[in-house]
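Colleague: Coordinates in target21.txt, compact mmCIF, C-alpha atoms, are listed below.
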# COMPACT_ATOMS: atom_id res chain seq x y z
CA MET S 1 16.85 115.23 -44.87
CA ASN S 2 15.43 117.91 -42.63
CA PRO S 3 11.87 118.52 -43.89
CA ASN S 4 12.23 122.23 -43.15
CA GLU S 5 15.35 122.68 -45.26
CA VAL S 6 14.00 121.72 -48.66
CA ASP S 7 15.23 123.88 -51.56
CA ILE S 8 13.12 122.39 -54.31
CA LEU S 9 9.77 120.67 -54.26
CA LEU S 10 9.47 118.63 -57.45
CA VAL S 11 5.92 117.58 -58.29
CA ASP S 12 5.74 115.06 -61.07
CA ASP S 13 4.22 111.63 -61.62
CA SER S 14 6.57 110.50 -64.37
CA GLN S 15 9.47 108.48 -62.97
CA ASP S 16 11.53 109.17 -66.11
CA ASP S 17 11.11 112.92 -65.73
CA ILE S 18 11.86 112.76 -62.00
CA ASP S 19 15.06 110.78 -62.64
CA LEU S 20 16.18 113.12 -65.40
CA THR S 21 15.46 116.22 -63.35
CA LEU S 22 17.31 114.93 -60.28
CA HIS S 23 20.22 113.82 -62.43
CA ALA S 24 20.54 117.22 -64.11
CA LEU S 25 20.27 119.12 -60.82
CA ARG S 26 22.84 116.86 -59.19
CA ALA S 27 25.30 117.57 -62.00
CA GLU S 28 25.06 121.27 -61.07
CA ASN S 29 25.26 120.61 -57.34
CA LEU S 30 21.72 121.94 -57.02
CA ALA S 31 20.16 118.75 -55.73
CA ASN S 32 21.15 118.84 -52.08
CA SER S 33 17.64 118.99 -50.76
CA ILE S 34 14.85 118.08 -53.10
CA PHE S 35 11.56 116.60 -52.06
CA VAL S 36 9.59 114.71 -54.69
CA ALA S 37 5.80 114.63 -54.55
CA ARG S 38 4.11 112.29 -57.04
CA ASP S 39 0.63 113.73 -57.05
CA GLY S 40 -1.16 117.00 -56.33
CA GLU S 41 -2.47 115.89 -52.98
CA GLU S 42 0.99 115.06 -51.68
CA ALA S 43 2.27 118.42 -52.98
CA LEU S 44 -0.50 120.27 -51.12
CA ASP S 45 0.18 118.31 -47.92
CA PHE S 46 3.84 119.27 -48.20
CA LEU S 47 3.19 122.96 -48.93
CA PHE S 48 0.43 123.35 -46.35
CA CYS S 49 2.26 121.36 -43.69
CA SER S 50 -0.57 118.87 -43.34
CA GLY S 51 -1.06 115.09 -43.44
CA PRO S 52 2.37 113.42 -43.24
CA HIS S 53 4.03 116.88 -43.22
CA THR S 54 2.68 118.42 -40.03
CA GLN S 55 6.25 118.69 -38.72
CA ARG S 56 7.04 121.22 -41.48
CA SER S 57 6.71 124.93 -40.85
CA PHE S 58 5.23 127.70 -43.05
CA ASP S 59 8.21 129.80 -41.94
CA ARG S 60 10.56 127.69 -44.06
CA PRO S 61 9.09 127.44 -47.54
CA PRO S 62 10.98 125.75 -50.38
CA LYS S 63 12.91 128.14 -52.62
CA LEU S 64 11.24 126.72 -55.71
CA VAL S 65 8.37 124.46 -56.68
CA LEU S 66 8.62 122.68 -60.04
CA LEU S 67 5.05 121.72 -60.80
CA ASP S 68 3.84 119.48 -63.59
CA LEU S 69 0.30 120.25 -64.75
CA LYS S 70 -0.96 116.72 -65.36
CA LEU S 71 -1.02 115.04 -61.98
CA PRO S 72 -3.04 112.32 -60.28
CA LYS S 73 -5.59 113.17 -57.53
CA VAL S 74 -5.31 116.99 -57.71
CA ASP S 75 -4.11 118.54 -60.97
CA GLY S 76 -1.30 121.10 -61.20
CA MET S 77 -3.57 124.09 -61.87
CA GLN S 78 -5.56 123.33 -58.70
CA VAL S 79 -2.34 123.06 -56.69
CA LEU S 80 -1.17 126.40 -58.13
CA LYS S 81 -4.51 128.04 -57.35
CA ARG S 82 -4.43 126.88 -53.73
CA VAL S 83 -0.82 127.97 -53.22
CA LYS S 84 -1.25 131.40 -54.82
CA SER S 85 -4.55 132.22 -53.09
CA ASP S 86 -3.28 131.61 -49.57
CA ALA S 87 -1.27 134.35 -47.83
CA ARG S 88 0.90 131.72 -46.12
CA THR S 89 2.10 130.18 -49.37
CA LYS S 90 1.67 132.75 -52.14
CA ILE S 91 5.26 134.01 -51.91
CA ILE S 92 6.67 130.59 -52.89
CA PRO S 93 8.02 130.65 -56.47
CA VAL S 94 6.16 128.10 -58.58
CA VAL S 95 7.37 127.20 -62.07
CA LEU S 96 4.95 125.18 -64.16
CA MET S 97 6.61 122.44 -66.20
CA THR S 98 4.53 120.72 -68.76
CA SER S 99 4.93 118.72 -71.94
CA SER S 100 2.23 120.57 -73.87
CA LYS S 101 2.29 124.23 -74.67
CA GLU S 102 -1.36 125.18 -74.61
CA GLU S 103 -1.76 128.93 -74.97
CA GLN S 104 -4.82 128.73 -72.74
CA ASP S 105 -2.91 126.95 -69.94
CA LEU S 106 -0.13 129.49 -70.27
CA VAL S 107 -2.41 132.47 -69.73
CA ILE S 108 -4.41 130.76 -66.99
CA GLY S 109 -1.18 129.73 -65.26
CA TYR S 110 0.34 133.21 -65.31
CA ASN S 111 -2.98 134.77 -64.32
CA LEU S 112 -3.20 132.45 -61.32
CA GLY S 113 0.23 133.66 -60.24
CA ALA S 114 2.62 131.07 -61.67
CA ASN S 115 6.11 132.57 -61.49
CA SER S 116 7.06 131.02 -64.79
CA TYR S 117 6.05 128.40 -67.32
CA ILE S 118 8.38 125.96 -69.02
CA GLN S 119 7.69 123.50 -71.76
CA LYS S 120 9.51 120.24 -71.08
CA PRO S 121 11.76 119.37 -74.00
CA VAL S 122 11.20 115.86 -75.38
CA ASP S 123 14.87 115.30 -76.26
CA PHE S 124 17.03 113.91 -73.43
CA ASP S 125 19.91 116.37 -73.84
CA GLU S 126 17.59 119.33 -74.26
CA PHE S 127 15.71 118.29 -71.14
CA ARG S 128 18.94 118.12 -69.15
CA LYS S 129 20.04 121.53 -70.45
CA ALA S 130 16.65 122.98 -69.61
CA VAL S 131 16.72 121.72 -66.03
CA LYS S 132 20.26 123.01 -65.56
CA LEU S 133 19.33 126.50 -66.79
CA LEU S 134 16.15 126.46 -64.75
CA GLY S 135 17.96 125.43 -61.57
CA LEU S 136 20.71 128.00 -62.00
CA TYR S 137 18.27 130.81 -62.76
CA TRP S 138 15.91 130.13 -59.86
CA LEU S 139 18.42 129.09 -57.20
CA VAL S 140 21.44 131.23 -58.09
CA VAL S 141 20.38 134.30 -60.10
CA ASN S 142 16.97 134.75 -58.48
CA LEU S 143 16.64 135.73 -54.83
CA PRO S 144 13.98 133.52 -53.23
CA PRO S 145 11.61 134.91 -50.59
CA VAL S 146 13.32 135.09 -47.24
CA ALA S 147 11.97 132.56 -44.79
CA THR S 148 9.99 134.50 -42.21
CA GLY S 149 11.73 132.51 -39.48
CA LYS S 150 15.05 133.93 -40.67
CA LEU S 151 13.60 137.46 -41.01
CA LYS S 152 12.41 137.39 -37.41
CA ALA S 153 15.77 136.09 -36.24
CA ALA S 154 17.56 138.86 -38.16
CA LYS S 155 15.31 141.52 -36.60
CA GLN S 156 15.92 140.19 -33.12
CA GLY S 157 19.64 140.26 -33.79
CA GLN S 158 19.59 143.97 -34.71
CA MET Y 159 8.17 133.62 -87.71
CA LYS Y 160 7.77 134.99 -84.25
CA THR Y 161 8.39 138.69 -83.79
CA ALA Y 162 11.27 139.82 -81.58
CA PRO Y 163 10.44 139.84 -77.86
CA GLU Y 164 9.65 143.22 -76.27
CA LEU Y 165 11.21 144.16 -72.95
CA LEU Y 166 10.21 147.14 -70.84
CA ILE Y 167 12.85 148.42 -68.42
CA VAL Y 168 11.55 150.71 -65.67
CA ASP Y 169 14.52 152.49 -64.13
CA ASP Y 170 15.21 156.11 -63.24
CA ASN Y 171 18.94 155.78 -63.75
CA PRO Y 172 19.69 156.33 -67.46
CA ALA Y 173 23.17 154.82 -67.04
CA ASP Y 174 21.65 151.51 -65.88
CA VAL Y 175 19.41 151.45 -68.95
CA VAL Y 176 22.35 152.14 -71.26
CA LEU Y 177 24.27 149.27 -69.66
CA ALA Y 178 21.31 146.90 -70.00
CA ARG Y 179 21.06 147.82 -73.70
CA GLU Y 180 24.76 147.10 -74.10
CA ALA Y 181 24.49 143.78 -72.28
CA LEU Y 182 21.69 142.68 -74.60
CA ALA Y 183 23.12 144.11 -77.80
CA GLY Y 184 24.42 140.70 -78.84
CA SER Y 185 21.22 138.81 -77.96
CA ALA Y 186 20.42 136.15 -80.54
CA ARG Y 187 16.75 136.94 -80.08
CA HIS Y 188 17.15 140.63 -81.00
CA CYS Y 189 14.94 141.64 -78.12
CA GLN Y 190 13.48 145.14 -78.38
CA ILE Y 191 14.25 147.29 -75.38
CA ASN Y 192 11.88 150.02 -74.27
CA SER Y 193 12.54 152.08 -71.18
CA VAL Y 194 10.75 154.55 -68.94
CA GLY Y 195 12.10 156.46 -65.96
CA ASP Y 196 9.30 156.55 -63.41
CA GLY Y 197 6.29 154.62 -62.14
CA VAL Y 198 3.65 156.85 -63.74
CA GLU Y 199 5.29 156.48 -67.17
CA ALA Y 200 5.55 152.72 -66.61
CA LEU Y 201 1.80 152.37 -66.13
CA ALA Y 202 1.08 154.71 -69.06
CA PHE Y 203 3.32 152.53 -71.24
CA LEU Y 204 1.71 149.29 -70.08
CA ASN Y 205 -1.80 150.67 -70.49
CA ARG Y 206 -0.82 152.26 -73.79
CA THR Y 207 -2.21 155.64 -72.94
CA GLY Y 208 -1.01 159.16 -73.86
CA ASP Y 209 2.31 159.12 -75.71
CA TYR Y 210 2.35 155.33 -75.61
CA ALA Y 211 -0.91 154.69 -77.47
CA ASN Y 212 0.89 153.12 -80.42
CA ARG Y 213 3.42 151.03 -78.51
CA VAL Y 214 3.19 147.27 -78.26
CA ARG Y 215 2.54 145.59 -74.97
CA PRO Y 216 5.83 144.26 -73.56
CA ASP Y 217 6.43 140.53 -73.05
CA LEU Y 218 8.48 141.12 -69.91
CA VAL Y 219 9.00 143.97 -67.45
CA MET Y 220 12.21 144.62 -65.51
CA LEU Y 221 11.16 146.84 -62.64
CA ASP Y 222 13.31 148.82 -60.23
CA LEU Y 223 11.84 149.39 -56.76
CA ASN Y 224 13.02 152.94 -56.06
CA LEU Y 225 11.30 155.08 -58.63
CA PRO Y 226 10.10 158.68 -58.79
CA LYS Y 227 6.37 159.56 -58.78
CA LYS Y 228 5.14 155.99 -58.17
CA ASP Y 229 7.42 153.41 -56.60
CA GLY Y 230 8.06 149.95 -57.99
CA LEU Y 231 5.81 148.08 -55.57
CA THR Y 232 2.87 150.37 -56.43
CA VAL Y 233 3.45 149.71 -60.14
CA LEU Y 234 3.73 145.97 -59.46
CA ALA Y 235 0.48 145.96 -57.48
CA ALA Y 236 -1.32 147.83 -60.27
CA VAL Y 237 -0.04 145.41 -62.95
CA LYS Y 238 -0.97 142.33 -60.96
CA ALA Y 239 -4.44 143.68 -60.14
CA ASP Y 240 -5.22 144.40 -63.81
CA PRO Y 241 -6.79 141.42 -65.64
CA ASP Y 242 -5.29 142.63 -68.95
CA LEU Y 243 -1.75 143.02 -67.62
CA ARG Y 244 -1.33 140.50 -64.82
CA CYS Y 245 -0.06 137.69 -67.05
CA ILE Y 246 3.00 139.78 -68.06
CA PRO Y 247 5.97 138.52 -66.03
CA VAL Y 248 7.57 141.19 -63.86
CA VAL Y 249 11.19 140.76 -62.78
CA ILE Y 250 12.11 143.00 -59.88
CA PHE Y 251 15.63 144.30 -60.60
CA SER Y 252 16.77 146.29 -57.62
CA THR Y 253 19.92 147.03 -55.66
CA SER Y 254 18.04 146.19 -52.47
CA GLN Y 255 18.81 142.80 -50.96
CA LEU Y 256 16.67 143.41 -47.91
CA GLY Y 257 14.58 140.39 -46.96
CA GLY Y 258 11.58 142.68 -46.41
CA ASP Y 259 11.75 144.11 -49.95
CA ILE Y 260 12.14 140.65 -51.47
CA THR Y 261 9.27 139.11 -49.54
CA ARG Y 262 6.96 142.11 -50.13
CA SER Y 263 7.67 141.88 -53.86
CA TYR Y 264 6.69 138.20 -53.97
CA LYS Y 265 3.59 138.93 -51.90
CA MET Y 266 2.51 141.47 -54.48
CA GLY Y 267 2.97 139.01 -57.32
CA ALA Y 268 6.51 139.61 -58.60
CA ASN Y 269 7.51 136.71 -60.85
CA CYS Y 270 11.08 136.80 -59.63
CA TYR Y 271 13.60 139.04 -57.88
CA VAL Y 272 17.11 139.63 -59.15
CA SER Y 273 19.51 141.80 -57.23
CA LYS Y 274 21.12 144.54 -59.32
CA PRO Y 275 24.87 144.08 -58.96
CA GLY Y 276 27.17 147.03 -58.39
CA ASN Y 277 30.01 145.93 -60.62
CA LEU Y 278 29.85 145.99 -64.38
CA HIS Y 279 30.71 142.37 -65.09
CA ASP Y 280 28.07 141.01 -62.72
CA TYR Y 281 25.54 143.56 -63.95
CA PHE Y 282 25.97 142.39 -67.55
CA SER Y 283 25.74 138.78 -66.51
CA ALA Y 284 22.54 139.35 -64.45
CA VAL Y 285 20.81 141.16 -67.34
CA LYS Y 286 21.86 138.43 -69.77
CA SER Y 287 20.61 135.69 -67.44
CA ILE Y 288 17.22 137.38 -67.19
CA GLU Y 289 16.98 137.74 -70.98
CA GLU Y 290 18.16 134.19 -71.59
CA PHE Y 291 15.76 132.60 -69.13
CA TRP Y 292 12.64 134.56 -70.05
CA PHE Y 293 13.08 135.01 -73.79
CA GLY Y 294 15.18 131.97 -74.62
CA PHE Y 295 13.54 129.42 -72.46
CA ALA Y 296 10.31 130.22 -70.62
CA SER Y 297 6.98 130.11 -72.44
CA LEU Y 298 5.31 133.51 -72.42
CA PRO Y 299 1.71 134.39 -73.22
CA GLU Y 300 1.12 135.71 -76.72
CA ARG Y 301 0.91 139.46 -76.91
CA GLY Y 302 -2.74 140.48 -77.07
CA GLU Y 303 -3.12 143.45 -79.42
What do you get writing this file as structure tokens?
Modeller:
Amino acid sequence: MNPNEVDILLVDDSQDDIDLTLHALRAENLANSIFVARDGEEALDFLFCSGPHTQRSFDRPPKLVLLDLKLPKVDGMQVLKRVKSDARTKIIPVVLMTSSKEEQDLVIGYNLGANSYIQKPVDFDEFRKAVKLLGLYWLVVNLPPVATGKLKAAKQGQ
Amino acid sequence: MKTAPELLIVDDNPADVVLAREALAGSARHCQINSVGDGVEALAFLNRTGDYANRVRPDLVMLDLNLPKKDGLTVLAAVKADPDLRCIPVVIFSTSQLGGDITRSYKMGANCYVSKPGNLHDYFSAVKSIEEFWFGFASLPERGE
């Protein structure tokens, strides 16, 4: 997989949830290029092109980040805060996915710039349906930010 | 029981608003549709000033970019800079598919960007997808009164 052609960055530490999410996205043909980060630090390295991800470029952001809130090392809110307070990464759509629906987290999340907030269904079928709807909405209905690399190329082509 | 979700559509084309109302007429969630036709009215509605003092704060805003008086990006910037309004999700719903418009919208804090289709069938389906995702699925902050 080309590290600069990732559509979805999935950040989750639960193997069950990762498997279910990948399975549901695959069923919709939306899983061509997903990178899985298992803690907040790895997610930040990926998004900020640092550590093991220095070969990535800010010009090619993922089209969507699915971010769990409870994560080892750096929690989801901190990851969100870093991403949304940096001009290089703030355009990347970040959807918070969490198992608890705390009104406080909801408001903090949206205030920090989360693009949306989803409560993970507990039921297997509901979870699969949720991921399908989520994937279709964010990758098909929604227009993601245009990679600046592509914008520059388009301008040069004019 | 939860009250019906409130949607604010900001669009200067009355025909587009009529079509959106039609598309959502069968919504299981009975979402309430409010609409205003320019950017100044949009901010008055959101801030509940003037004629809008007694209106409820919307749960979701669908915002066109080309608007009279104050354009969509100016409205978006004002919403996202206001601590009382910034948590309201704003969906940019515009005919523009220009990369520059899309990226600028995200930079200013748009929650998502949906291109407004020209043909009726796709238009209905886009409006329904927005309603289904945000009101049927996403968790939204409670309306502060």
Colleague: Tell me, in Å to one decimal, how far CA of Lys238 in chain Y is from CA of Asp12 in chain S.
Modeller: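 Separation of CA of Lys238 in chain Y and CA of Asp12 in chain S: 28.1 Å.
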Colleague: Which polymer residues, protein or nucleic acid, are no farther than 10 Å from (2.6, 147.3, -61.4), counting only C-alpha atoms, as a PyMOL selection string?
Modeller: chain Y and resi 197-198+200-201+204+219+221+228-240+243-244+248+266-268
Colleague: With a distance cut-off of 12 Å and all atoms listed in the file, select the neighbouring residues of Ile8 in chain S, excluding the residue or stretch itself and same-chain residues fewer than 2 positions from it, and output the selection as a ChimeraX atom specification.
Modeller: /S:3-6,10-11,21-22,25,30-37,43,46-47,60-67,92-95,134-135,138-139,144
Colleague: Please, which residues of chain S lie no more than 10 Å from chain Y when the count uses all atoms listed in the file, and can they be set out as a PyMOL selection string?
Modeller: chain S and resi 84+87-97+101-119+130+133-134+136-138+140-148+150-151+154
Colleague: Quick one: pull the distance between CA of Asp19 in chain S and CA of Gly40 in chain S, Å, one decimal.
Modeller: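 Pair CA of Asp19 in chain S / CA of Gly40 in chain S returns 18.5 Å.
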Colleague: Write out as a VMD selection string which residues come within 8 Å of range 165-174 of chain Y when counting only C-alpha atoms, dropping same-chain ones fewer than 6 positions away.
Modeller: chain Y and resid 189 to 197 200 216 to 222 225 to 226
Colleague: Figure out the distance between CA of Ser100 in chain S and CA of Glu41 in chain S, please, to one decimal in Å.
Modeller: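 So the answer is 21.9 Å.
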Colleague: Specify the axis-aligned box that encloses all atoms of range 289-300 of chain Y listed in the file after padding of 3 Å on each side, stating its centre and edge lengths in Å to one decimal as JSON.
Modeller:
{"center_x": 9.6, "center_y": 133.6, "center_z": -72.9, "size_x": 23.0, "size_y": 14.3, "size_z": 13.6}
Colleague: Looking at Y:Asp280, Y:Asp209, Y:Glu199, Y:Glu289, which one is nearest to Ala183 in chain Y, with distances taken over all atoms listed in the file?
Modeller: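 Closest to Ala183 in chain Y, using all atoms listed in the file: Y:Glu289.
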Colleague: Quick one: residues within 8 Å of Pro72 in chain S, all atoms listed in the file counted, chain neighbours fewer than 2 positions away excluded, as a VMD selection string?
Modeller: chain S and resid 13 38 to 40 70 74 to 75
Colleague: Let me see the file: selected residues, C-alpha atoms, as a short mmCIF file (atom, residue, chain, number, x, y, z; two decimals), in the coordinates of the input.
Modeller:
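New file result33.cif:
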data_model
loop_
_atom_site.label_atom_id
_atom_site.label_comp_id
_atom_site.auth_asym_id
_atom_site.auth_seq_id
_atom_site.Cartn_x
_atom_site.Cartn_y
_atom_site.Cartn_z
CA ASP S 13 4.22 111.63 -61.62
CA ARG S 38 4.11 112.29 -57.04
CA ASP S 39 0.63 113.73 -57.05
CA GLY S 40 -1.16 117.00 -56.33
CA LYS S 70 -0.96 116.72 -65.36
CA VAL S 74 -5.31 116.99 -57.71
CA ASP S 75 -4.11 118.54 -60.97
#
Colleague: Within 10 Å of (25.8, 145.4, -54.3) (file coordinates; only C-alpha atoms), which protein or nucleic acid residues are there? I'd like them as a compact mmCIF listing (two decimals) with C-alpha atoms, in the frame of the given file.
Modeller:
# COMPACT_ATOMS: atom_id res chain seq x y z
CA SER Y 252 16.77 146.29 -57.62
CA THR Y 253 19.92 147.03 -55.66
CA SER Y 254 18.04 146.19 -52.47
CA GLN Y 255 18.81 142.80 -50.96
CA SER Y 273 19.51 141.80 -57.23
CA LYS Y 274 21.12 144.54 -59.32
CA PRO Y 275 24.87 144.08 -58.96
CA GLY Y 276 27.17 147.03 -58.39
CA ASN Y 277 30.01 145.93 -60.62
CA ASP Y 280 28.07 141.01 -62.72
CA TYR Y 281 25.54 143.56 -63.95
Colleague: Could you write range 113-136 of chain S as a CSV table (one decimal), in the frame of the given file, with N, CA and C atoms rebuilt where they are missing?
Modeller:
chain,number,residue,atom,x,y,z
S,113,GLY,N,-0.9,133.3,-61.0
S,113,GLY,CA,0.2,133.7,-60.2
S,113,GLY,C,1.4,132.8,-60.4
S,114,ALA,N,1.4,131.9,-61.4
S,114,ALA,CA,2.6,131.1,-61.7
S,114,ALA,C,3.8,132.0,-61.9
S,115,ASN,N,4.9,131.7,-61.3
S,115,ASN,CA,6.1,132.6,-61.5
S,115,ASN,C,6.7,132.4,-62.9
S,116,SER,N,6.6,131.2,-63.4
S,116,SER,CA,7.1,131.0,-64.8
S,116,SER,C,6.4,129.7,-65.3
S,117,TYR,N,6.7,129.5,-66.6
S,117,TYR,CA,6.0,128.4,-67.3
S,117,TYR,C,7.1,127.9,-68.3
S,118,ILE,N,7.4,126.6,-68.2
S,118,ILE,CA,8.4,126.0,-69.0
S,118,ILE,C,7.8,124.8,-69.8
S,119,GLN,N,8.1,124.7,-71.0
S,119,GLN,CA,7.7,123.5,-71.8
S,119,GLN,C,8.8,122.5,-71.7
S,120,LYS,N,8.5,121.3,-71.2
S,120,LYS,CA,9.5,120.2,-71.1
S,120,LYS,C,10.0,119.8,-72.5
S,121,PRO,N,11.3,119.9,-72.7
S,121,PRO,CA,11.8,119.4,-74.0
S,121,PRO,C,11.6,117.9,-74.0
S,122,VAL,N,11.4,117.3,-75.2
S,122,VAL,CA,11.2,115.9,-75.4
S,122,VAL,C,12.6,115.2,-75.4
S,123,ASP,N,13.5,115.8,-76.1
S,123,ASP,CA,14.9,115.3,-76.3
S,123,ASP,C,15.6,115.3,-74.9
S,124,PHE,N,16.3,114.1,-74.7
S,124,PHE,CA,17.0,113.9,-73.4
S,124,PHE,C,18.0,115.0,-73.1
S,125,ASP,N,18.9,115.3,-74.1
S,125,ASP,CA,19.9,116.4,-73.8
S,125,ASP,C,19.3,117.7,-73.6
S,126,GLU,N,18.3,118.0,-74.4
S,126,GLU,CA,17.6,119.3,-74.3
S,126,GLU,C,16.9,119.4,-72.9
S,127,PHE,N,16.4,118.3,-72.4
S,127,PHE,CA,15.7,118.3,-71.1
S,127,PHE,C,16.7,118.6,-70.0
S,128,ARG,N,17.9,117.9,-70.2
S,128,ARG,CA,18.9,118.1,-69.2
S,128,ARG,C,19.4,119.6,-69.1
S,129,LYS,N,19.6,120.1,-70.3
S,129,LYS,CA,20.0,121.5,-70.4
S,129,LYS,C,19.0,122.5,-69.8
S,130,ALA,N,17.7,122.1,-70.1
S,130,ALA,CA,16.6,123.0,-69.6
S,130,ALA,C,16.6,123.0,-68.1
S,131,VAL,N,16.8,121.8,-67.5
S,131,VAL,CA,16.7,121.7,-66.0
S,131,VAL,C,17.9,122.5,-65.4
S,132,LYS,N,19.1,122.3,-66.0
S,132,LYS,CA,20.3,123.0,-65.6
S,132,LYS,C,20.0,124.5,-65.6
S,133,LEU,N,19.5,125.1,-66.7
S,133,LEU,CA,19.3,126.5,-66.8
S,133,LEU,C,18.3,127.0,-65.8
S,134,LEU,N,17.2,126.2,-65.7
S,134,LEU,CA,16.2,126.5,-64.8
S,134,LEU,C,16.7,126.5,-63.3
S,135,GLY,N,17.4,125.5,-62.9
S,135,GLY,CA,18.0,125.4,-61.6
S,135,GLY,C,18.9,126.6,-61.3
S,136,LEU,N,19.8,126.9,-62.2
S,136,LEU,CA,20.7,128.0,-62.0
S,136,LEU,C,20.0,129.3,-61.9
